Structure formats: structure tokens, C-alpha cells
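Raw contents of model.cif, mmCIF, C-alpha atoms:
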data_work
loop_
_atom_site.label_atom_id
_atom_site.label_comp_id
_atom_site.auth_asym_id
_atom_site.auth_seq_id
_atom_site.Cartn_x
_atom_site.Cartn_y
_atom_site.Cartn_z
CA MET A 148 128.12 203.43 -9.34
CA ASN A 149 130.84 201.55 -7.49
CA ALA A 150 130.09 203.37 -4.29
CA ILE A 151 126.43 202.50 -4.55
CA GLY A 152 127.38 198.88 -5.17
CA ALA A 153 129.59 198.87 -2.09
CA ILE A 154 126.76 200.32 0.01
CA SER A 155 124.34 197.64 -1.19
CA GLY A 156 127.00 195.06 -0.34
CA VAL A 157 127.18 196.43 3.19
CA SER A 158 123.44 196.29 3.58
CA GLY A 159 123.61 192.68 2.37
CA ILE A 160 126.12 191.90 5.14
CA SER A 161 123.90 193.52 7.72
CA GLY A 162 121.10 191.32 6.44
CA ILE A 163 123.32 188.26 6.96
CA SER A 164 124.17 189.38 10.49
CA GLY A 165 120.41 189.66 11.11
CA ILE A 166 120.01 186.06 9.98
CA SER A 167 122.89 184.92 12.19
CA GLY A 168 121.20 186.74 15.06
CA ALA A 169 118.03 184.80 14.43
CA SER A 170 119.91 181.49 14.26
CA SER A 171 121.64 182.26 17.56
CA VAL A 172 118.21 182.77 19.14
CA SER A 173 116.68 179.51 17.92
CA PRO A 174 119.11 177.05 19.61
CA VAL A 175 118.56 178.88 22.92
CA SER A 176 114.78 178.58 22.66
CA GLY A 177 115.18 174.93 21.66
CA ALA A 178 117.31 174.28 24.74
CA SER A 179 114.79 176.03 26.98
CA THR A 180 111.93 173.82 25.72
CA ILE A 181 114.02 170.72 26.37
CA ASN A 182 114.71 171.99 29.89
CA GLY A 183 111.01 172.68 30.31
CA ALA A 184 110.13 169.12 29.29
CA GLY A 185 112.71 167.81 31.74
CA ALA A 186 111.16 169.85 34.53
CA VAL A 187 107.70 168.49 33.74
CA ASP A 188 109.00 164.92 33.75
CA GLY A 189 110.74 165.50 37.07
CA SER A 190 107.60 166.84 38.73
CA ALA A 191 105.56 163.93 37.37
CA ALA A 192 107.95 161.30 38.67
CA GLY A 193 108.31 163.18 41.95
CA THR A 194 111.46 161.27 42.91
CA GLN A 195 113.97 162.99 40.65
CA ALA A 196 116.41 165.45 42.17
CA PRO A 197 117.54 168.35 39.94
CA GLY A 198 121.05 166.93 39.50
CA ASP A 199 119.95 163.41 38.55
CA SER A 200 121.09 161.95 35.29
CA PHE A 201 118.84 160.98 32.42
CA LEU A 202 119.49 157.31 33.14
CA ASN A 203 118.18 157.69 36.68
CA SER A 204 114.94 159.21 35.49
CA LEU A 205 114.65 156.45 32.89
CA ASN A 206 115.18 153.93 35.67
CA ASP A 207 112.42 155.61 37.68
CA ALA A 208 110.05 155.48 34.73
CA PHE A 209 110.73 151.79 34.15
CA GLY A 210 110.27 151.13 37.86
CA GLN A 211 106.87 152.81 37.68
CA LEU A 212 105.98 150.78 34.59
CA ASN A 213 107.00 147.59 36.33
CA GLY A 214 104.84 148.48 39.34
CA GLN A 215 101.89 149.16 37.05
CA LEU A 216 102.32 145.85 35.24
CA ASN A 217 102.56 144.01 38.58
CA ALA A 218 99.39 145.72 39.84
CA THR A 219 97.59 144.75 36.63
CA ASP A 220 98.79 141.19 37.00
CA ALA A 221 97.51 141.08 40.58
CA SER A 222 94.09 142.45 39.67
CA ILE A 223 93.72 140.03 36.74
CA SER A 224 94.59 137.16 39.07
CA SER A 225 92.10 138.34 41.69
CA PHE A 226 89.42 138.78 39.01
CA ALA A 227 90.06 135.32 37.60
CA ALA A 228 89.90 133.87 41.11
CA GLY A 229 86.41 135.34 41.53
CA GLY A 230 87.42 138.39 43.53
CA SER A 231 85.27 141.47 43.94
CA ALA A 232 87.10 143.52 41.30
CA ASP A 233 84.87 145.05 38.62
CA LEU A 234 85.37 144.01 35.02
CA HIS A 235 85.86 147.59 33.87
CA THR A 236 88.44 148.25 36.61
CA VAL A 237 90.51 145.33 35.39
CA MET A 238 90.11 146.29 31.74
CA LEU A 239 91.02 149.95 32.31
CA GLN A 240 94.02 148.95 34.40
CA MET A 241 95.12 146.70 31.54
CA GLU A 242 94.70 149.55 29.08
CA GLU A 243 96.69 151.91 31.31
CA ALA A 244 99.48 149.37 31.52
CA SER A 245 99.37 148.82 27.76
CA VAL A 246 99.63 152.56 27.06
CA SER A 247 102.53 152.81 29.54
CA LEU A 248 104.26 149.88 27.89
CA LYS A 249 103.79 151.44 24.44
CA THR A 250 105.33 154.66 25.79
CA ALA A 251 108.30 152.73 27.16
CA VAL A 252 108.76 150.90 23.86
CA ASP A 253 108.60 154.20 21.95
CA VAL A 254 111.20 155.74 24.27
CA ARG A 255 113.42 152.70 23.80
CA ASP A 256 113.04 152.91 20.01
CA LYS A 257 114.02 156.57 20.07
CA LEU A 258 117.05 155.85 22.26
CA LEU A 259 118.23 153.00 20.03
CA GLU A 260 117.67 155.14 16.96
CA ALA A 261 119.83 157.91 18.41
CA TYR A 262 122.45 155.37 19.47
CA SER A 263 122.67 153.77 16.03
CA ASP A 264 122.73 157.23 14.41
CA ILE A 265 125.81 158.03 16.46
CA MET A 266 127.37 154.61 15.80
CA ARG A 267 127.00 155.17 12.06
CA THR A 268 129.13 158.31 12.25
CA GLN A 269 131.94 158.16 9.69
CA LEU A 270 135.35 158.77 11.22
CA MET B 11 97.66 166.17 35.19
CA SER B 12 98.50 162.58 34.38
CA VAL B 13 97.35 161.00 31.13
CA PHE B 14 95.46 158.44 33.16
CA ASP B 15 93.42 160.88 35.26
CA THR B 16 90.71 161.04 32.61
CA ILE B 17 90.58 157.26 32.50
CA ARG B 18 90.36 157.13 36.29
CA ILE B 19 87.51 159.65 36.36
CA ALA B 20 85.67 157.60 33.74
CA ALA B 21 86.39 154.46 35.77
CA SER B 22 84.81 156.04 38.85
CA GLY B 23 81.75 156.82 36.72
CA LEU B 24 81.63 153.22 35.51
CA THR B 25 81.79 151.90 39.07
CA ALA B 26 79.07 154.33 40.16
CA GLN B 27 76.76 153.38 37.32
CA ARG B 28 77.33 149.69 37.94
CA LEU B 29 76.31 150.15 41.55
CA ARG B 30 73.21 152.05 40.37
CA MET B 31 72.45 149.13 38.07
CA ASP B 32 72.92 146.69 40.97
CA ILE B 33 70.44 148.65 43.07
CA ALA B 34 67.93 148.83 40.21
CA ALA B 35 68.29 145.07 39.76
CA SER B 36 67.77 144.56 43.48
CA ASN B 37 64.65 146.75 43.44
CA LEU B 38 63.19 144.94 40.42
CA ALA B 39 64.00 141.50 41.81
CA ASN B 40 62.33 142.36 45.10
CA ALA B 41 59.28 144.12 43.65
CA GLN B 42 57.02 141.44 45.21
CA THR B 43 59.09 140.55 48.28
CA THR B 44 56.94 140.55 51.41
CA ARG B 45 59.48 139.38 53.97
CA THR B 46 62.79 140.68 55.29
CA GLN B 47 66.11 138.89 54.93
CA ASN B 48 65.52 137.12 58.27
CA GLY B 49 62.14 135.83 57.11
CA GLN B 50 60.16 138.34 59.15
CA ALA B 51 56.68 138.73 57.65
CA GLY B 52 54.78 142.03 57.39
CA GLN B 53 57.89 144.08 56.65
CA PRO B 54 58.26 144.15 52.87
CA TYR B 55 61.38 145.14 50.96
CA GLN B 56 61.97 148.90 50.77
CA GLU B 57 62.95 150.55 47.50
CA GLU B 58 66.61 151.64 47.53
CA ALA B 59 68.49 154.42 45.79
CA VAL B 60 72.19 155.32 45.57
CA VAL B 61 73.57 158.70 46.63
CA PHE B 62 76.54 159.92 44.64
CA GLN B 63 79.15 162.47 45.63
CA ALA B 64 81.78 164.30 43.59
CA GLN B 65 85.30 163.20 44.49
CA GLN B 66 88.67 164.81 43.83
CA MET B 67 90.65 162.46 41.59
CA GLY B 68 93.76 164.14 40.22
CA PRO B 69 95.91 167.10 41.20
CA MET B 70 93.68 169.45 39.20
CA ALA B 71 90.84 170.96 41.27
CA GLY B 72 88.22 170.94 38.51
CA ALA B 73 88.62 167.31 37.47
CA GLN B 74 86.36 165.35 39.78
CA GLY B 75 85.30 161.74 39.74
CA VAL B 76 82.29 160.32 41.47
CA SER B 77 81.83 157.96 44.38
CA ALA B 78 78.78 156.36 45.89
CA VAL B 79 78.45 157.42 49.52
CA ALA B 80 75.20 155.82 50.62
CA VAL B 81 72.31 153.59 49.70
CA VAL B 82 69.10 155.12 51.05
CA LYS B 83 65.69 153.49 51.45
CA SER B 84 62.63 155.14 49.99
CA THR B 85 60.02 156.43 52.46
CA ARG B 86 57.12 156.00 50.05
CA PRO B 87 54.24 154.00 51.63
CA ASN B 88 53.94 150.29 50.82
CA THR B 89 51.43 149.00 48.33
CA ARG B 90 48.55 147.29 50.18
CA VAL B 91 46.76 144.51 48.32
CA TYR B 92 43.72 142.61 49.61
CA ASP B 93 44.66 138.94 49.48
CA PRO B 94 43.38 137.04 52.55
CA GLY B 95 44.79 133.72 51.27
CA ASN B 96 48.38 134.98 51.40
CA PRO B 97 50.31 133.70 54.44
CA ASP B 98 51.73 137.22 54.94
CA ALA B 99 48.30 138.90 55.05
CA ASP B 100 47.46 140.90 58.20
CA GLN B 101 44.30 140.36 60.29
CA ASN B 102 42.25 142.47 57.81
CA GLY B 103 43.39 140.34 54.86
CA PHE B 104 45.76 142.95 53.40
CA VAL B 105 49.29 142.10 52.23
CA ASN B 106 52.01 144.80 52.34
CA TYR B 107 53.92 144.74 49.08
CA PRO B 108 57.16 146.74 48.54
CA ASN B 109 56.99 150.40 47.56
CA VAL B 110 58.94 149.62 44.37
CA ASP B 111 57.70 151.46 41.30
CA VAL B 112 58.62 148.97 38.57
CA ALA B 113 58.19 151.48 35.72
CA SER B 114 60.49 154.08 37.28
CA GLU B 115 63.00 151.33 38.19
CA MET B 116 63.06 150.28 34.54
CA THR B 117 63.80 153.84 33.42
CA ASP B 118 66.48 154.10 36.11
CA MET B 119 68.01 150.87 34.88
CA MET B 120 68.08 152.15 31.29
CA GLY B 121 69.62 155.40 32.53
CA ALA B 122 72.32 153.46 34.37
CA ALA B 123 73.05 151.37 31.28
CA ARG B 124 73.33 154.45 29.05
CA SER B 125 75.48 156.35 31.58
CA TYR B 126 77.75 153.32 31.79
CA GLN B 127 78.11 153.41 28.01
CA VAL B 128 78.89 157.13 28.12
CA ASN B 129 81.64 156.63 30.70
CA ALA B 130 83.07 153.71 28.73
CA THR B 131 83.18 155.96 25.65
CA VAL B 132 85.00 158.65 27.66
CA ALA B 133 87.57 156.08 28.79
CA GLN B 134 88.04 154.93 25.20
CA ALA B 135 88.46 158.52 23.97
CA ALA B 136 91.03 159.21 26.70
CA LYS B 137 92.97 156.10 25.74
CA GLN B 138 92.82 157.08 22.07
CA GLN B 139 94.14 160.51 23.02
CA ALA B 140 97.15 158.92 24.75
CA LEU B 141 97.79 156.69 21.73
CA ASP B 142 97.51 159.69 19.40
CA ALA B 143 100.12 161.46 21.54
CA LEU B 144 102.39 158.42 21.17
CA ASP B 145 101.91 158.56 17.39
CA LEU B 146 103.56 161.97 17.44
CA GLY B 147 106.87 160.16 17.94
CA LYS B 148 106.44 158.05 14.81
CA ALA B 149 108.37 159.01 11.71
#

Starting from the file, lay out its structure as C-alpha cells.
Amino acid sequence: MNAIGAISGVSGISGISGISGASSVSPVSGASTINGAGAVDGSAAGTQAPGDSFLNSLNDAFGQLNGQLNATDASISSFAAGGSADLHTVMLQMEEASVSLKTAVDVRDKLLEAYSDIMRTQL
Amino acid sequence: MSVFDTIRIAASGLTAQRLRMDIAASNLANAQTTRTQNGQAGQPYQEEAVVFQAQQMGPMAGAQGVSAVAVVKSTRPNTRVYDPGNPDADQNGFVNYPNVDVASEMTDMMGAARSYQVNATVAQAAKQQALDALDLGKA
């Protein structure tokens, strides 16, 4: 009876090692998806070198957002001044800028959230 | 493919349909015009139509916008009306009126208005899609 109990205990350990195997796989796959997302962002921005830091890419993104807001501003001014811009062009440009701004705000919120999470760490 | 490519494709459709509407308005406004822009009599306004062409918009080959490439004049014969009292009548008393078919211009105008609505709806759906994606980040 004892021997059988010892054998079942061994099989239980092997089960645990199977679970630890699974848990060692999941962080790797998580890291690879994060890398994948980074690669997509880099190709979209087009200006990011592989070794660039996260702050640089953030800077790029905000630069793009600023350019978009400036372009929107210019087209609203030209529309108000009686330029040849179509109403829908101006409106859609405004919407694009608004979506971009919302994205930037969301990214900022996430960053601040992570920052304050770390700041709240009990030492 | 950028989030905004769909919006840009819809925007090209909106611009195209607005031009089509402009041309329909021009045709309807000039349905009885018997002189050219320079005041030349005997050469009535000619019905116009827009020619559209598919245009590559984003990096993806299948996603194409539209652009207007030409405004062509109809070759249909003018409408001749006997009206000797008209100052633009020829020596036989006939006046050349434009070849504009008002009924078909009206249907074209309604088509342009509806297509504009469709493209505006596409733009709205694309924007909603982007906002839905942003909502994924919300708690």
C-alpha cells in the first residue's frame, strides 16, 4: 500500500513538472507578442531603428500627432477663410486628429498608471 | 494598413460624389442655356459627365480609392425648338437648346446624393472601429 502511495506521489510530481513546463512556455509567448507589437509599431512609424528606446518611439508618435493637429488647424483656417477645401475633407481630418489624440491620451493614461503602480510599491 | 486608410478611401469617394453632384447641378442649371461662356450664340451648353478612376490609396494593393480624371461632354444632338422670336434663333427660326436630359440628370443627382451618404457612413463606421479599438484599453 505504501509503495503504491509513493508511486502516486511521484506521478503527482511529474504532473507538477508538466505544469511548470507550461508556465515556462507562457512568458516566452507573451514576450514574443510584445516584440511583435513593437515590430509593427516600428514599421508604421518608419523612422525607428531597431535599437531605439521606447521613449524615442513615443517621441516620434507625438511628433506625428503634432503634425496631424497642425495640418488640421491649417485646413480649418483655410476653410474658414473661404478656401477651396471640401467640408468633408476638413471634417474627416478633424476626426482623424481626434482619434489620434484619443490614442495619445490613452497611451499617456496607461503610462501614468504603470508609473503610479510602481511608485506604490511597498519597500 | 493604417487605421485612417479606410477613412481616406471614404473621403476620396465623398470628393468624387461631390464633384458628380457639382456636374449634375451645372447640367440642370444650364438646361436652357443657348450661349457659351463668351456670349457666343448658336452654341448651346453641352451636357457634362465625370469619369472616375480607381486609385491606390494605402500600402495594401486591394484597397483602392477613387479619383475623378476627366469631365467629358456628351455628344448627343442638341434639342431644336422652333421659336423665331428668340434672339438666338437661326435663319429658319429654330433655337438650339442644350442636349441636357433633365430627368436623367435628376436621377444622377439623387444617385450622387445617396452615394455621398454611403461614403459618409463608411467613414463613420471606420472611425467607430478605431474608437472601439481604443476602448479595448479601458478597464

message: Residues near Leu212 (chain A), anyone? I mean within 7 Å using all atoms listed in the file, not counting same-chain ones fewer than 4 positions away, as a VMD selection string.
response: chain A and resid 208 216 247 to 248

- request: Write out as a ChimeraX atom specification which residues come within 8 Å of region 45-54 of chain B when counting only C-alpha atoms, dropping same-chain ones fewer than 6 positions away.
  value: /B:88,98-100,105-108

Reference answer for the PyMOL selection byres ((chain A) within 9 of (chain B)), as a VMD selection string: chain A and resid 191 233 235 to 236 239 242 to 243 246 249 to 250 253 to 254 257

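Straight-line separation from CA of Ala59 (chain B) to CA of Lys83 (chain B): 6.4 Å.
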
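Residues in contact range of Val61 (chain B), defined as at most 10 Å between only C-alpha atoms, with sequence neighbours fewer than 4 positions away removed, read Ala26, Arg30, Ser77, Ala78, Val79, Ala80, Val81 and Val82 of chain B.
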
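The gap separating CA of Ile19 (chain B) from CA of Val132 (chain B) is 9.1 Å, in Å to one decimal.
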
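The shortest atom-to-atom distance to Leu205 (chain A), with all atoms listed in the file taken into account, belongs to A:Arg255 out of A:Met241, A:Ala232, A:Arg255, A:Ser224.
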
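For the atom pair formed by CA of Ala244 (chain A) and CA of Ser125 (chain B), the distance is 25.0 Å, given to one decimal.
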
- request: Using the chain letters and residue numbers of this document, give as number ranges by chain the residues selected by the PyMOL selection byres ((chain B and resi 66-72) around 7).
  value: B: 11, 15, 19, 64-65, 73-75

Report, as JSON, the centre and edge lengths in Å (one decimal) of the axis-aligned box enclosing every listed atom of region 26-38 of chain B, padded by 4 Å on each side.
{"center_x": 71.1, "center_y": 149.4, "center_z": 40.4, "size_x": 23.9, "size_y": 17.8, "size_z": 14.2}

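Against this structure, the PyMOL selection byres ((chain B and resi 91) around 7) ends up with Thr89, Arg90, Tyr92, Asp93, Phe104, Val105 and Asn106 of chain B.
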
Can region 217-239 of chain A be brought up to N, CA and C atoms and written out as a PDB file, keeping the file's coordinate frame?
ATOM      1  N   ASN A 217     102.788 144.942  37.466  1.00  0.00           N
ATOM      2  CA  ASN A 217     102.560 144.010  38.580  1.00  0.00           C
ATOM      3  C   ASN A 217     101.165 144.178  39.156  1.00  0.00           C
ATOM      4  N   ALA A 218     100.725 145.457  39.302  1.00  0.00           N
ATOM      5  CA  ALA A 218      99.390 145.720  39.840  1.00  0.00           C
ATOM      6  C   ALA A 218      98.324 145.138  38.917  1.00  0.00           C
ATOM      7  N   THR A 219      98.540 145.305  37.603  1.00  0.00           N
ATOM      8  CA  THR A 219      97.590 144.750  36.630  1.00  0.00           C
ATOM      9  C   THR A 219      97.533 143.239  36.745  1.00  0.00           C
ATOM     10  N   ASP A 220      98.705 142.648  36.858  1.00  0.00           N
ATOM     11  CA  ASP A 220      98.790 141.190  37.000  1.00  0.00           C
ATOM     12  C   ASP A 220      98.000 140.737  38.213  1.00  0.00           C
ATOM     13  N   ALA A 221      98.196 141.452  39.341  1.00  0.00           N
ATOM     14  CA  ALA A 221      97.510 141.080  40.580  1.00  0.00           C
ATOM     15  C   ALA A 221      96.003 141.189  40.416  1.00  0.00           C
ATOM     16  N   SER A 222      95.536 142.288  39.764  1.00  0.00           N
ATOM     17  CA  SER A 222      94.090 142.450  39.670  1.00  0.00           C
ATOM     18  C   SER A 222      93.475 141.465  38.689  1.00  0.00           C
ATOM     19  N   ILE A 223      94.232 141.066  37.649  1.00  0.00           N
ATOM     20  CA  ILE A 223      93.720 140.030  36.740  1.00  0.00           C
ATOM     21  C   ILE A 223      93.600 138.705  37.489  1.00  0.00           C
ATOM     22  N   SER A 224      94.626 138.404  38.302  1.00  0.00           N
ATOM     23  CA  SER A 224      94.590 137.160  39.070  1.00  0.00           C
ATOM     24  C   SER A 224      93.396 137.149  40.010  1.00  0.00           C
ATOM     25  N   SER A 225      93.192 138.295  40.710  1.00  0.00           N
ATOM     26  CA  SER A 225      92.100 138.340  41.690  1.00  0.00           C
ATOM     27  C   SER A 225      90.755 138.264  40.975  1.00  0.00           C
ATOM     28  N   PHE A 226      90.676 138.852  39.769  1.00  0.00           N
ATOM     29  CA  PHE A 226      89.420 138.780  39.010  1.00  0.00           C
ATOM     30  C   PHE A 226      89.159 137.351  38.563  1.00  0.00           C
ATOM     31  N   ALA A 227      90.213 136.702  38.069  1.00  0.00           N
ATOM     32  CA  ALA A 227      90.060 135.320  37.600  1.00  0.00           C
ATOM     33  C   ALA A 227      89.700 134.390  38.744  1.00  0.00           C
ATOM     34  N   ALA A 228      90.183 134.712  39.954  1.00  0.00           N
ATOM     35  CA  ALA A 228      89.900 133.870  41.110  1.00  0.00           C
ATOM     36  C   ALA A 228      88.532 134.185  41.707  1.00  0.00           C
ATOM     37  N   GLY A 229      87.752 135.037  41.037  1.00  0.00           N
ATOM     38  CA  GLY A 229      86.410 135.340  41.530  1.00  0.00           C
ATOM     39  C   GLY A 229      86.383 136.416  42.579  1.00  0.00           C
ATOM     40  N   GLY A 230      87.386 137.293  42.568  1.00  0.00           N
ATOM     41  CA  GLY A 230      87.420 138.390  43.530  1.00  0.00           C
ATOM     42  C   GLY A 230      86.347 139.413  43.250  1.00  0.00           C
ATOM     43  N   SER A 231      86.343 140.487  44.041  1.00  0.00           N
ATOM     44  CA  SER A 231      85.270 141.470  43.940  1.00  0.00           C
ATOM     45  C   SER A 231      85.584 142.574  42.933  1.00  0.00           C
ATOM     46  N   ALA A 232      86.726 142.461  42.237  1.00  0.00           N
ATOM     47  CA  ALA A 232      87.100 143.520  41.300  1.00  0.00           C
ATOM     48  C   ALA A 232      86.102 143.601  40.151  1.00  0.00           C
ATOM     49  N   ASP A 233      85.791 144.847  39.735  1.00  0.00           N
ATOM     50  CA  ASP A 233      84.870 145.050  38.620  1.00  0.00           C
ATOM     51  C   ASP A 233      85.586 144.740  37.319  1.00  0.00           C
ATOM     52  N   LEU A 234      84.813 144.314  36.334  1.00  0.00           N
ATOM     53  CA  LEU A 234      85.370 144.010  35.020  1.00  0.00           C
ATOM     54  C   LEU A 234      86.017 145.237  34.399  1.00  0.00           C
ATOM     55  N   HIS A 235      85.321 146.392  34.514  1.00  0.00           N
ATOM     56  CA  HIS A 235      85.860 147.590  33.870  1.00  0.00           C
ATOM     57  C   HIS A 235      87.135 148.069  34.565  1.00  0.00           C
ATOM     58  N   THR A 236      87.224 147.858  35.895  1.00  0.00           N
ATOM     59  CA  THR A 236      88.440 148.250  36.610  1.00  0.00           C
ATOM     60  C   THR A 236      89.634 147.476  36.065  1.00  0.00           C
ATOM     61  N   VAL A 237      89.436 146.169  35.900  1.00  0.00           N
ATOM     62  CA  VAL A 237      90.510 145.330  35.390  1.00  0.00           C
ATOM     63  C   VAL A 237      90.877 145.742  33.969  1.00  0.00           C
ATOM     64  N   MET A 238      89.851 145.942  33.138  1.00  0.00           N
ATOM     65  CA  MET A 238      90.110 146.290  31.740  1.00  0.00           C
ATOM     66  C   MET A 238      90.850 147.619  31.630  1.00  0.00           C
ATOM     67  N   LEU A 239      90.386 148.629  32.405  1.00  0.00           N
ATOM     68  CA  LEU A 239      91.020 149.950  32.310  1.00  0.00           C
ATOM     69  C   LEU A 239      92.446 149.900  32.823  1.00  0.00           C
TER      70      LEU A 239
END
